[in-house]
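I have placed the structure first, in the form of structure tokens, so that the comments after it can refer back to it.
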Amino acid sequence: MQVLRQSQLFQHCSRYGNYVALDSNCLFCKIITEDIPAHIVLRNENVVAFNDINPQAPTHVLIVPTLHVENAAALAKVSPTLTADLFLAAAQIAQTNGLTGYRTVFNTGEEAGQSVFHAHLHLLGGRGLAWPPG
Ligand code: AMP
Ligand code: ZN
């Protein structure tokens with residue numbers, strides 16, 4: 001599994017233009033570079049996925065772009081294809097885990113429960129999921 005160090009990542013993501021690839025103060029950027037440990041379940045050029053430290057379901061994976069942007073809308077603006085990559089990774093992880101149904105969620109803003117301001121897609125599954133959510 002290839003690990004990108006912070007110094008490499010800007011060059012790696014240069015196709016996204018002038019955006020800062022990594023924020024040295026960001027928890028998820030540090031997980032991407034493996035400066036902070038996490039249980040990583042999928043990694044490719046565009047996406048890193050790891051188990052949530054406080055799981056809300058038997059499967060609770062966070063899927064993040066290897067690019068520091070604040071939320072889903074900012075990510076969609078920078079790269080619609082990278083946004084799609086997160087959902088494709090979710091489908092792949094769900095299949096690997098044998099999930100027949102699952103939920104994908106982006107929280108945007110503190111009022112909606114966003115606590116880490118690096119866009120991340122929650123993948124939840126492995127139990128019945130109520131609707132509407134709390
Ligand atoms: P959100 O509240 O939508 O911003 O989601 C942030 C998620 O990150 C929460 O579900 C946390 O449990 C999770 N989280 C926080 N720190 C870590 C960590 N070190 N490793 C894995 N997940 C984390
Ligand atoms: Zn970040």
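Quick note on naming: the chains in the structure tokens go A, B, ... in the order shown, residues restart at 1 in each chain, and ligands are numbered from 1 in order of appearance.
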Do a neighbour search on segment 121-127 of chain A at 9 Å with only C-alpha atoms, toss out local chain neighbours closer than 4 positions, and write the hits as a VMD selection string.
-> chain A and resid 52 55 to 64 72 86 to 87 90 93 to 94 97 to 107
Name each residue within 10 Å of ligand 1, counting only C-alpha atoms and all ligand atoms, as an MDAnalysis selection string.
-> chainID A and resid 27:28 30:31 36:40 49:56 60:62 71 105:110 112:122
Could you give me the residues within chain A that DSSP places in helix (DSSP H, G or I), as a count of residues only?
-> 43
Enumerate residues in contact with ligand 2: an atom-to-atom distance of at most 6 Å, counting only C-alpha atoms and all ligand atoms. Format the result as a list of chain:residue names.
->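 Those within range of ligand 2 are A:Leu22, A:Asp23, A:Cys26, A:Phe28, A:Cys29, A:His68, A:His118.
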What does the file look like for those residues with N, CA and C atoms, as a tab-separated table (two decimals), in the first residue's frame?
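To be explicit, this is the file written out as selection12.tsv:
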```
chain	number	residue	atom	x	y	z
A	22	LEU	N	-2.77	19.48	1.35
A	22	LEU	CA	-2.82	19.00	2.71
A	22	LEU	C	-2.78	20.16	3.68
A	23	ASP	N	-3.42	19.97	4.83
A	23	ASP	CA	-3.36	20.95	5.90
A	23	ASP	C	-2.66	20.25	7.07
A	26	CYS	N	-4.66	19.27	10.10
A	26	CYS	CA	-5.89	18.49	9.91
A	26	CYS	C	-5.68	17.03	10.29
A	28	PHE	N	-7.45	14.37	9.46
A	28	PHE	CA	-7.59	13.39	8.38
A	28	PHE	C	-6.42	13.48	7.39
A	29	CYS	N	-5.84	14.68	7.21
A	29	CYS	CA	-4.62	14.77	6.40
A	29	CYS	C	-3.50	13.95	7.03
A	68	HIS	N	-7.14	18.17	0.76
A	68	HIS	CA	-7.81	18.84	1.88
A	68	HIS	C	-8.81	19.87	1.38
A	118	HIS	N	-12.47	18.23	7.02
A	118	HIS	CA	-11.88	17.64	5.81
A	118	HIS	C	-13.00	16.74	5.28
```
Would you mind reading off the distance between atom CA of Leu67 of chain A and atom CA of Ser79 of chain A, one decimal, in Å?
->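 These atoms are spaced 10.2 Å apart.
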